[in-house]
$ cat my_file-v1.pdb   # PDB, C-alpha atoms
ATOM      1  CA  MET A   1      99.623 109.145  93.969
ATOM      2  CA  VAL A   2     101.741 108.633  97.090
ATOM      3  CA  ILE A   3     100.187 107.857 100.464
ATOM      4  CA  LYS A   4     102.238 109.681 103.092
ATOM      5  CA  LYS A   5     102.146 108.474 106.685
ATOM      6  CA  GLY A   6     103.104 110.380 109.777
ATOM      7  CA  ALA A   7     103.566 113.667 107.949
ATOM      8  CA  HIS A   8     102.216 115.778 110.800
ATOM      9  CA  SER A   9     100.898 115.795 114.393
ATOM     10  CA  ASP A  10     102.570 114.431 117.490
ATOM     11  CA  VAL A  11     100.532 112.150 119.715
ATOM     12  CA  SER A  12      96.983 111.537 118.547
ATOM     13  CA  SER A  13      93.981 111.995 120.786
ATOM     14  CA  PRO A  14      91.846 108.978 121.767
ATOM     15  CA  LYS A  15      89.258 110.154 119.213
ATOM     16  CA  GLU A  16      91.827 110.185 116.416
ATOM     17  CA  SER A  17      93.057 106.698 117.348
ATOM     18  CA  GLU A  18      89.474 105.411 116.942
ATOM     19  CA  GLU A  19      89.390 106.618 113.327
ATOM     20  CA  ILE A  20      90.612 104.842 110.222
ATOM     21  CA  LYS A  21      91.207 105.921 106.635
ATOM     22  CA  ILE A  22      89.998 103.561 103.926
ATOM     23  CA  VAL A  23      91.034 103.830 100.291
ATOM     24  CA  GLU A  24      88.031 102.872  98.152
ATOM     25  CA  PHE A  25      88.564 101.295  94.752
ATOM     26  CA  CYS A  26      86.566  99.480  92.085
ATOM     27  CA  VAL A  27      87.066  96.120  90.436
ATOM     28  CA  GLY A  28      84.529  96.171  87.646
ATOM     29  CA  GLU A  29      81.254  97.289  89.236
ATOM     30  CA  LYS A  30      82.213  96.017  92.702
ATOM     31  CA  PHE A  31      83.497  98.382  95.385
ATOM     32  CA  TYR A  32      86.228  97.405  97.844
ATOM     33  CA  GLY A  33      88.456  99.146 100.334
ATOM     34  CA  VAL A  34      91.816  98.749 102.029
ATOM     35  CA  ASP A  35      93.284 100.415 105.101
ATOM     36  CA  VAL A  36      95.492 103.323 104.006
ATOM     37  CA  MET A  37      98.207 102.021 106.363
ATOM     38  CA  GLN A  38      98.603  98.952 104.116
ATOM     39  CA  ILE A  39      99.415 101.122 101.097
ATOM     40  CA  ARG A  40     102.862 102.339 100.093
ATOM     41  CA  GLU A  41     101.715 104.279  97.054
ATOM     42  CA  ILE A  42      99.273 104.247  94.135
ATOM     43  CA  LEU A  43     100.484 104.327  90.538
ATOM     44  CA  ARG A  44      98.880 104.750  87.146
ATOM     45  CA  ALA A  45      98.768 101.447  85.304
ATOM     46  CA  SER A  46      99.756 103.364  82.174
ATOM     47  CA  THR A  47     103.298 103.574  83.593
ATOM     48  CA  GLY A  48     103.690 100.091  82.119
ATOM     49  CA  ILE A  49     102.979  96.525  83.272
ATOM     50  CA  VAL A  50     105.371  94.116  81.570
ATOM     51  CA  PRO A  51     103.972  90.572  81.064
ATOM     52  CA  VAL A  52     106.037  87.685  82.440
ATOM     53  CA  ALA A  53     105.628  84.102  81.246
ATOM     54  CA  GLY A  54     105.351  81.145  83.606
ATOM     55  CA  THR A  55     104.005  82.990  86.648
ATOM     56  CA  HIS A  56     100.828  82.376  88.656
ATOM     57  CA  PRO A  57      97.748  83.044  86.464
ATOM     58  CA  SER A  58      96.740  85.981  88.694
ATOM     59  CA  VAL A  59     100.121  87.701  88.233
ATOM     60  CA  CYS A  60      99.676  89.788  85.098
ATOM     61  CA  GLY A  61     103.284  91.032  84.987
ATOM     62  CA  VAL A  62     105.739  93.326  86.714
ATOM     63  CA  ILE A  63     106.448  97.037  86.946
ATOM     64  CA  ASN A  64     109.749  98.843  87.381
ATOM     65  CA  LEU A  65     109.372 101.038  90.463
ATOM     66  CA  ARG A  66     112.463 103.223  90.838
ATOM     67  CA  GLY A  67     114.748 100.352  89.915
ATOM     68  CA  LYS A  68     112.839  97.626  91.814
ATOM     69  CA  ILE A  69     110.854  94.953  89.994
ATOM     70  CA  ILE A  70     107.387  94.639  91.579
ATOM     71  CA  PRO A  71     104.984  91.782  90.691
ATOM     72  CA  VAL A  72     101.451  92.934  89.864
ATOM     73  CA  ILE A  73      98.340  90.902  90.714
ATOM     74  CA  ASN A  74      95.343  91.205  88.403
ATOM     75  CA  LEU A  75      92.746  91.574  91.158
ATOM     76  CA  ALA A  76      89.789  91.165  88.782
ATOM     77  CA  PHE A  77      91.154  87.846  87.503
ATOM     78  CA  HIS A  78      91.939  86.579  91.016
ATOM     79  CA  LEU A  79      88.465  87.505  92.313
ATOM     80  CA  ASN A  80      86.820  86.112  89.162
ATOM     81  CA  ILE A  81      85.277  89.462  88.213
ATOM     82  CA  PRO A  82      84.888  90.083  84.454
ATOM     83  CA  VAL A  83      86.336  93.482  83.603
ATOM     84  CA  THR A  84      88.464  95.075  80.899
ATOM     85  CA  TYR A  85      90.975  97.477  82.411
ATOM     86  CA  ASP A  86      91.205 101.009  81.059
ATOM     87  CA  PRO A  87      94.946 101.879  80.987
ATOM     88  CA  VAL A  88      94.119 105.526  81.666
ATOM     89  CA  GLN A  89      91.753 105.096  84.640
ATOM     90  CA  SER A  90      93.147 101.899  86.154
ATOM     91  CA  ARG A  91      95.631 102.038  89.021
ATOM     92  CA  VAL A  92      98.176  99.781  90.730
ATOM     93  CA  ILE A  93      98.062  99.819  94.540
ATOM     94  CA  ILE A  94     101.481  98.998  96.037
ATOM     95  CA  SER A  95     101.619  97.137  99.371
ATOM     96  CA  GLU A  96     104.411  95.365 101.231
ATOM     97  CA  PHE A  97     104.411  92.174 103.309
ATOM     98  CA  ASN A  98     107.546  90.794 104.989
ATOM     99  CA  HIS A  99     110.012  92.462 102.587
ATOM    100  CA  LEU A 100     107.859  91.562  99.546
ATOM    101  CA  ARG A 101     106.368  94.481  97.632
ATOM    102  CA  VAL A 102     103.296  93.610  95.582
ATOM    103  CA  GLY A 103     101.086  95.604  93.236
ATOM    104  CA  PHE A 104      97.318  95.117  92.978
ATOM    105  CA  TRP A 105      95.803  96.166  89.649
ATOM    106  CA  VAL A 106      92.354  97.725  90.146
ATOM    107  CA  HIS A 107      89.821  99.271  87.790
ATOM    108  CA  ARG A 108      90.029 102.686  89.440
ATOM    109  CA  VAL A 109      90.635 104.329  92.814
ATOM    110  CA  THR A 110      87.629 106.442  93.775
ATOM    111  CA  ARG A 111      88.169 108.206  97.100
ATOM    112  CA  ILE A 112      89.431 108.011 100.683
ATOM    113  CA  HIS A 113      86.904 107.562 103.507
ATOM    114  CA  ARG A 114      87.604 108.623 107.069
ATOM    115  CA  MET A 115      85.450 106.794 109.603
ATOM    116  CA  PHE A 116      85.341 105.414 113.107
ATOM    117  CA  LYS A 117      86.590 101.852 113.523
ATOM    118  CA  SER A 118      83.322 101.001 115.262
ATOM    119  CA  ALA A 119      81.592 101.432 111.866
ATOM    120  CA  ILE A 120      83.485  98.420 110.504
ATOM    121  CA  ASP A 121      81.962  94.989 111.117
ATOM    122  CA  LEU A 122      83.514  91.561 110.762
ATOM    123  CA  PRO A 123      81.828  89.649 107.923
ATOM    124  CA  SER A 124      79.992  86.440 108.662
ATOM    125  CA  ASP A 125      81.048  83.229 106.949
ATOM    126  CA  LEU A 126      77.910  83.460 104.802
ATOM    127  CA  VAL A 127      79.162  86.624 103.060
ATOM    128  CA  GLN A 128      82.865  85.787 103.173
ATOM    129  CA  SER A 129      84.709  85.348  99.879
ATOM    130  CA  ARG A 130      85.865  81.910  98.789
ATOM    131  CA  GLY A 131      89.466  82.675  99.712
ATOM    132  CA  TYR A 132      88.511  84.410 102.973
ATOM    133  CA  TYR A 133      89.887  87.661 101.599
ATOM    134  CA  ILE A 134      87.439  89.972 103.409
ATOM    135  CA  ASN A 135      88.499  91.241 106.835
ATOM    136  CA  GLY A 136      85.795  93.869 107.353
ATOM    137  CA  ALA A 137      82.708  95.542 105.940
ATOM    138  CA  THR A 138      81.144  98.973 106.386
ATOM    139  CA  ARG A 139      77.926 100.565 105.145
ATOM    140  CA  LEU A 140      78.175 103.751 103.102
ATOM    141  CA  GLU A 141      75.257 105.881 101.936
ATOM    142  CA  ASP A 142      74.256 103.691  99.013
ATOM    143  CA  ARG A 143      76.392 100.557  99.236
ATOM    144  CA  ILE A 144      78.388  98.196 101.423
ATOM    145  CA  LEU A 145      82.160  98.436 101.188
ATOM    146  CA  PHE A 146      84.129  95.236 101.775
ATOM    147  CA  LEU A 147      87.698  95.552 103.050
ATOM    148  CA  LEU A 148      90.150  93.194 101.381
ATOM    149  CA  ASP A 149      93.026  91.366 103.065
ATOM    150  CA  PHE A 150      95.870  91.941 100.596
ATOM    151  CA  ALA A 151      98.232  89.793 102.689
ATOM    152  CA  ARG A 152      95.893  86.795 102.392
ATOM    153  CA  ILE A 153      95.655  87.209  98.624
ATOM    154  CA  THR A 154      99.440  87.417  98.381
ATOM    155  CA  GLN A 155      99.745  84.221 100.427
ATOM    156  CA  ASP A 156      97.420  82.318  98.097
ATOM    157  CA  ILE A 157      99.343  83.414  95.022
ATOM    158  CA  HIS A 158     102.754  82.591  96.500
ATOM    159  CA  PRO A 159     102.490  78.947  97.652
ATOM    160  CA  GLU A 160     106.011  79.043  99.104
ATOM    161  CA  ASP A 161     104.614  81.440 101.711
ATOM    162  CA  ASP A 162     101.788  79.051 102.648
ATOM    163  CA  LEU A 163     101.814  77.680 106.165
ATOM    164  CA  PRO A 164     100.041  74.289 106.262
ATOM    165  CA  GLU A 165      99.708  72.677 109.649
ATOM    166  CA  ALA A 166     102.528  70.191 109.043
ATOM    167  CA  LYS A 167     105.064  72.751 107.859
ATOM    168  CA  PRO A 168     107.144  74.655 110.472
ATOM    169  CA  VAL A 169     107.984  78.327 110.151
ATOM    170  CA  SER A 170     111.577  78.589 108.920
ATOM    171  CA  LEU A 171     112.617  81.320 111.336
ATOM    172  CA  PRO A 172     115.348  81.137 113.978
ATOM    173  CA  ILE A 173     114.192  80.221 117.486
ATOM    174  CA  PRO A 174     116.458  81.440 120.298
ATOM    175  CA  ARG A 175     116.889  79.497 123.518
ATOM    176  CA  ALA A 176     115.198  80.645 126.709
ATOM    177  CA  ASP A 177     116.191  80.354 130.362
ATOM    178  CA  PHE A 178     112.571  79.628 131.415
ATOM    179  CA  ASP A 179     109.758  77.286 130.403
ATOM    180  CA  ARG A 180     107.875  79.041 127.594
ATOM    181  CA  SER A 181     105.068  76.456 127.674
ATOM    182  CA  THR A 182     103.848  77.944 130.978
ATOM    183  CA  LYS A 183     103.288  81.338 129.313
ATOM    184  CA  LYS A 184     100.134  82.221 127.362
ATOM    185  CA  ILE A 185     100.213  84.978 124.743
ATOM    186  CA  LEU A 186      97.241  86.640 123.076
ATOM    187  CA  VAL A 187      97.948  87.563 119.442
ATOM    188  CA  VAL A 188      95.696  90.351 118.092
ATOM    189  CA  GLU A 189      95.868  90.679 114.288
ATOM    190  CA  ASP A 190      93.211  91.219 111.621
ATOM    191  CA  SER A 191      95.168  89.622 108.747
ATOM    192  CA  ALA A 192      94.605  85.862 108.828
ATOM    193  CA  PHE A 193      97.945  85.341 107.092
ATOM    194  CA  ILE A 194      99.994  87.387 109.588
ATOM    195  CA  ARG A 195      98.008  86.019 112.543
ATOM    196  CA  LYS A 196      98.814  82.474 111.471
ATOM    197  CA  LEU A 197     102.466  83.319 110.895
ATOM    198  CA  VAL A 198     102.959  84.885 114.331
ATOM    199  CA  ALA A 199     101.012  82.156 116.125
ATOM    200  CA  ARG A 200     102.997  79.388 114.435
ATOM    201  CA  TYR A 201     106.341  81.068 115.129
ATOM    202  CA  ALA A 202     105.526  81.581 118.816
ATOM    203  CA  ARG A 203     104.163  78.036 119.183
ATOM    204  CA  ASP A 204     107.299  76.630 117.575
ATOM    205  CA  ALA A 205     109.246  78.549 120.218
ATOM    206  CA  GLY A 206     107.179  76.823 122.903
ATOM    207  CA  TYR A 207     104.615  79.460 123.866
ATOM    208  CA  ASN A 208     100.930  78.782 124.504
ATOM    209  CA  ILE A 209      99.039  80.939 121.978
ATOM    210  CA  ALA A 210      95.509  82.293 121.603
ATOM    211  CA  THR A 211      94.480  84.498 118.678
ATOM    212  CA  VAL A 212      91.767  87.053 117.895
ATOM    213  CA  ALA A 213      91.104  89.273 114.877
ATOM    214  CA  ASN A 214      90.941  92.757 116.439
ATOM    215  CA  GLY A 215      91.149  94.786 119.636
ATOM    216  CA  HIS A 216      87.436  94.464 120.380
ATOM    217  CA  GLU A 217      87.633  90.664 120.361
ATOM    218  CA  ALA A 218      90.742  90.812 122.563
ATOM    219  CA  TRP A 219      88.969  93.073 125.036
ATOM    220  CA  GLN A 220      85.979  90.698 125.176
ATOM    221  CA  VAL A 221      88.292  87.741 125.891
ATOM    222  CA  LEU A 222      90.104  89.628 128.663
ATOM    223  CA  GLU A 223      86.895  90.943 130.222
ATOM    224  CA  GLU A 224      85.466  87.420 130.298
ATOM    225  CA  THR A 225      88.666  86.244 131.935
ATOM    226  CA  VAL A 226      88.437  88.903 134.644
ATOM    227  CA  ARG A 227      84.762  88.018 135.302
ATOM    228  CA  SER A 228      85.453  84.269 135.462
ATOM    229  CA  PRO A 229      84.794  82.552 138.817
ATOM    230  CA  GLY A 230      87.798  82.557 141.103
ATOM    231  CA  PHE A 231      89.764  85.148 139.117
ATOM    232  CA  GLN A 232      92.677  86.496 141.162
ATOM    233  CA  ASP A 233      95.362  87.819 138.836
ATOM    234  CA  ILE A 234      95.690  88.163 135.053
ATOM    235  CA  SER A 235      99.153  86.540 135.206
ATOM    236  CA  ARG A 236      97.417  83.221 135.948
ATOM    237  CA  HIS A 237      95.710  83.415 132.539
ATOM    238  CA  TYR A 238      97.715  85.592 130.128
ATOM    239  CA  HIS A 239     101.318  86.765 130.235
ATOM    240  CA  LEU A 240     101.641  89.098 127.226
ATOM    241  CA  ILE A 241      99.771  90.585 124.264
ATOM    242  CA  VAL A 242     101.165  90.978 120.735
ATOM    243  CA  THR A 243      98.936  93.389 118.819
ATOM    244  CA  ASP A 244      98.755  94.982 115.392
ATOM    245  CA  LEU A 245      97.920  98.695 115.197
ATOM    246  CA  GLU A 246      95.482  99.158 112.329
ATOM    247  CA  MET A 247      92.465  96.862 112.789
ATOM    248  CA  PRO A 248      88.696  97.216 112.324
ATOM    249  CA  VAL A 249      86.325  97.802 115.261
ATOM    250  CA  MET A 250      89.129  98.558 117.769
ATOM    251  CA  ASP A 251      92.785  99.214 116.914
ATOM    252  CA  GLY A 252      95.894  98.359 118.903
ATOM    253  CA  ILE A 253      96.297 101.756 120.538
ATOM    254  CA  GLY A 254      92.659 101.746 121.677
ATOM    255  CA  LEU A 255      93.159  98.279 123.160
ATOM    256  CA  ILE A 256      96.317  99.282 125.022
ATOM    257  CA  ARG A 257      94.635 102.397 126.439
ATOM    258  CA  LYS A 258      91.758 100.308 127.800
ATOM    259  CA  LEU A 259      94.184  97.829 129.361
ATOM    260  CA  ARG A 260      96.202 100.548 131.068
ATOM    261  CA  ALA A 261      93.003 102.064 132.492
ATOM    262  CA  HIS A 262      91.756  98.745 133.922
ATOM    263  CA  PRO A 263      92.999  98.028 137.468
ATOM    264  CA  LEU A 264      93.090  94.254 136.911
ATOM    265  CA  LEU A 265      94.658  94.326 133.431
ATOM    266  CA  GLN A 266      97.004  97.298 133.513
ATOM    267  CA  LYS A 267     100.154  95.271 134.233
ATOM    268  CA  LEU A 268      99.684  92.947 131.217
ATOM    269  CA  PRO A 269     102.649  93.630 128.866
ATOM    270  CA  CYS A 270     101.805  94.725 125.292
ATOM    271  CA  ILE A 271     104.080  94.497 122.246
ATOM    272  CA  VAL A 272     103.000  96.357 119.108
ATOM    273  CA  PHE A 273     103.725  94.384 115.909
ATOM    274  CA  SER A 274     103.003  96.674 112.958
ATOM    275  CA  ALA A 275     103.914  97.059 109.305
ATOM    276  CA  PHE A 276     104.220 100.837 109.472
ATOM    277  CA  LEU A 277     106.077 102.074 112.534
ATOM    278  CA  THR A 278     106.753 105.710 111.813
ATOM    279  CA  GLU A 279     108.256 107.899 114.545
ATOM    280  CA  GLU A 280     104.826 109.395 115.096
ATOM    281  CA  ARG A 281     103.190 105.983 115.514
ATOM    282  CA  ILE A 282     105.893 104.872 117.953
ATOM    283  CA  ARG A 283     105.231 107.982 120.058
ATOM    284  CA  GLN A 284     101.521 107.178 120.009
ATOM    285  CA  CYS A 285     102.210 103.611 121.150
ATOM    286  CA  GLN A 286     104.456 104.755 123.975
ATOM    287  CA  ALA A 287     101.958 107.401 125.091
ATOM    288  CA  ALA A 288      99.220 104.748 125.184
ATOM    289  CA  GLY A 289     101.397 102.495 127.362
ATOM    290  CA  ALA A 290     102.927  99.937 124.985
ATOM    291  CA  ASP A 291     105.926  98.062 126.384
ATOM    292  CA  ALA A 292     107.703  97.690 123.024
ATOM    293  CA  GLU A 293     107.230  98.125 119.271
ATOM    294  CA  ILE A 294     108.562  95.961 116.451
ATOM    295  CA  ALA A 295     108.078  96.149 112.671
ATOM    296  CA  LYS A 296     106.566  93.191 110.838
ATOM    297  CA  ASP A 297     109.557  93.011 108.526
ATOM    298  CA  ASP A 298     111.721  92.424 111.619
ATOM    299  CA  VAL A 299     109.829  89.292 112.678
ATOM    300  CA  GLU A 300     113.038  87.349 113.398
ATOM    301  CA  ARG A 301     113.504  89.482 116.553
ATOM    302  CA  LEU A 302     109.984  88.839 117.812
ATOM    303  CA  ILE A 303     110.701  85.832 120.062
ATOM    304  CA  ASN A 304     113.645  87.571 121.755
ATOM    305  CA  LEU A 305     111.421  90.587 122.398
ATOM    306  CA  ILE A 306     108.612  88.418 123.782
ATOM    307  CA  ASP A 307     111.104  86.648 126.056
ATOM    308  CA  SER A 308     112.210  89.990 127.478
ATOM    309  CA  LYS A 309     108.694  91.327 128.145
ATOM    310  CA  VAL A 310     106.586  88.298 129.107
ATOM    311  CA  ILE A 311     105.424  88.085 132.738
ATOM    312  CA  ARG A 312     107.762  85.692 134.577
TER
END
$ encode --input "my_file-v1.pdb" --output "structure tokens"
Amino acid sequence: MVIKKGAHSDVSSPKESEEIKIVEFCVGEKFYGVDVMQIREILRASTGIVPVAGTHPSVCGVINLRGKIIPVINLAFHLNIPVTYDPVQSRVIISEFNHLRVGFWVHRVTRIHRMFKSAIDLPSDLVQSRGYYINGATRLEDRILFLLDFARITQDIHPEDDLPEAKPVSLPIPRADFDRSTKKILVVEDSAFIRKLVARYARDAGYNIATVANGHEAWQVLEETVRSPGFQDISRHYHLIVTDLEMPVMDGIGLIRKLRAHPLLQKLPCIVFSAFLTEERIRQCQAAGADAEIAKDDVERLINLIDSKVIR
């Protein structure tokens, strides 16, 4: 099963941009979901998972995908869910994070749900998983579907990708001809792993950073800023937004549209930072009013792009 993105349509309507497609899958008797935009393709596990000795306990082996060796995470083992995989029904969901392709072995893939982003809630800490792997939840007819953060799971399994507070991001930092510390950037990203990566990289470059988990939270922060006593101009508070596209509650395009329609926020520059920038998605971003787009696997160019777009 291949998930194709951007196969048709030109610029989506505001209604379409408020919708999201969720791939539902099972791990044992538990139901989870993942944003279709995080998926490259879905394979039958019967194509062959080859065990590899000496790896992380959650890595059950590798698969050969058109000549590329892809590690496969046993999601049931990692989530501590007892289940015996059926090689006929079970599937491997392929995702990609910063040039690293990873497979997630699941019991079965059930269906694709199309819903409004407003139907997805952020989970409270009381229902959050031990590894903080849940980045959203939605109620279906007879159950609650939890959305998993595949990037966070990948981070936990690959300790070399971990970003503890004392460890700097090993990415190049270009020089600037202005004082970056006087500029405040709002990073909008639902993946805790990517949010932390971007925030650390920009802070290492000298920028003042605030972060939120989705467009709705960003909009609340900006509205509160505008309503604050003595507010005169947004450039005294924020100088640029870096936003993901696919997020629960409100996505990046919805956020940008609201900013461009607000007389006090419309001049705030917005950079889209997304894993899947098809030509169609770029056209949608530009139509909404984005100032620039950059792919997540091109993160080394991010600081240069911020430098060129930030309010001076």
$ atom_distance --input "my_file-v1.pdb" --atom1 "atom CA of A:Phe193" --atom2 "atom CA of A:Thr243"
14.3 Å
$ closest_atom_pairs --input "my_file-v1.pdb" --of "stretch 34-56 of chain A" --to "stretch 273-277 of chain A" --cutoff "10 Å" --atoms "all atoms listed in the file" --output "JSON lines"
{"residue": "A:Met37", "atom": "CA", "partner": "A:Phe276", "partner_atom": "CA", "distance": 6.9}
{"residue": "A:Gln38", "atom": "CA", "partner": "A:Ala275", "partner_atom": "CA", "distance": 7.7}
{"residue": "A:Ile39", "atom": "CA", "partner": "A:Phe276", "partner_atom": "CA", "distance": 9.7}
{"residue": "A:Arg40", "atom": "CA", "partner": "A:Phe276", "partner_atom": "CA", "distance": 9.6}
$ resolve_selection --input "my_file-v1.pdb" --expression "the PyMOL selection byres ((chain A and resi 147) around 10)" --output "number ranges by chain"
A: 22-24, 31-35, 120-123, 133-138, 144-146, 148-150, 248
$ write_last_selection --input "my_file-v1.pdb" --atoms "C-alpha atoms" --output "compact mmCIF listing (two decimals), in the frame of the given file"
# COMPACT_ATOMS: atom_id res chain seq x y z
CA ILE A 22 90.00 103.56 103.93
CA VAL A 23 91.03 103.83 100.29
CA GLU A 24 88.03 102.87 98.15
CA PHE A 31 83.50 98.38 95.38
CA TYR A 32 86.23 97.40 97.84
CA GLY A 33 88.46 99.15 100.33
CA VAL A 34 91.82 98.75 102.03
CA ASP A 35 93.28 100.42 105.10
CA ILE A 120 83.48 98.42 110.50
CA ASP A 121 81.96 94.99 111.12
CA LEU A 122 83.51 91.56 110.76
CA PRO A 123 81.83 89.65 107.92
CA TYR A 133 89.89 87.66 101.60
CA ILE A 134 87.44 89.97 103.41
CA ASN A 135 88.50 91.24 106.84
CA GLY A 136 85.80 93.87 107.35
CA ALA A 137 82.71 95.54 105.94
CA THR A 138 81.14 98.97 106.39
CA ILE A 144 78.39 98.20 101.42
CA LEU A 145 82.16 98.44 101.19
CA PHE A 146 84.13 95.24 101.78
CA LEU A 148 90.15 93.19 101.38
CA ASP A 149 93.03 91.37 103.06
CA PHE A 150 95.87 91.94 100.60
CA PRO A 248 88.70 97.22 112.32
$ residues_around --input "my_file-v1.pdb" --residues "A:Gly28" --least-positions-apart "2" --cutoff "8 Å" --atoms "only C-alpha atoms" --output "MDAnalysis selection string"
chainID A and resid 26 30 76 81:84 107
$ closest_residue --input "my_file-v1.pdb" --among "A:Gly206, A:Gly252, A:Pro172, A:Pro269" --to "A:Glu300" --atoms "only C-alpha atoms"
A:Pro172
$ atom_distance --input "my_file-v1.pdb" --atom1 "atom CA of A:Leu255" --atom2 "atom CA of A:Trp219"
6.9 Å
$ atom_distance --input "my_file-v1.pdb" --atom1 "atom CA of A:Asp297" --atom2 "atom CA of A:Cys60"
25.6 Å
$ closest_residue --input "my_file-v1.pdb" --among "A:Glu41, A:Asp177, A:Asp244, A:Glu223" --to "A:Val92" --atoms "all atoms listed in the file"
A:Glu41
$ resolve_selection --input "my_file-v1.pdb" --expression "the PyMOL selection byres ((chain A and resi 75) around 9)" --output "PyMOL selection string"
chain A and resi 27+58-59+72-74+76-81+104-107
$ closest_residue --input "my_file-v1.pdb" --among "A:Ile282, A:Ala287, A:Lys184, A:Arg203" --to "A:Ile311" --atoms "only C-alpha atoms"
A:Lys184
$ resolve_selection --input "my_file-v1.pdb" --expression "the PyMOL selection byres ((chain A and resi 118) around 7)" --output "ChimeraX atom specification"
/A:116-117,119-120,249-250
$ residues_around --input "my_file-v1.pdb" --residues "A:Asp179" --least-positions-apart "2" --cutoff "10 Å" --atoms "only C-alpha atoms" --output "PyMOL selection string"
chain A and resi 176-177+181-183+206-207+312
$ write_last_selection --input "my_file-v1.pdb" --atoms "C-alpha atoms" --output "short mmCIF file (atom, residue, chain, number, x, y, z; two decimals), keeping the file's coordinate frame"
data_model
loop_
_atom_site.label_atom_id
_atom_site.label_comp_id
_atom_site.auth_asym_id
_atom_site.auth_seq_id
_atom_site.Cartn_x
_atom_site.Cartn_y
_atom_site.Cartn_z
CA ALA A 176 115.20 80.64 126.71
CA ASP A 177 116.19 80.35 130.36
CA SER A 181 105.07 76.46 127.67
CA THR A 182 103.85 77.94 130.98
CA LYS A 183 103.29 81.34 129.31
CA GLY A 206 107.18 76.82 122.90
CA TYR A 207 104.62 79.46 123.87
CA ARG A 312 107.76 85.69 134.58
#
$ closest_residue --input "my_file-v1.pdb" --among "A:Ala205, A:Val226, A:Ala151, A:Leu100" --to "A:Glu189" --atoms "all atoms listed in the file"
A:Ala151
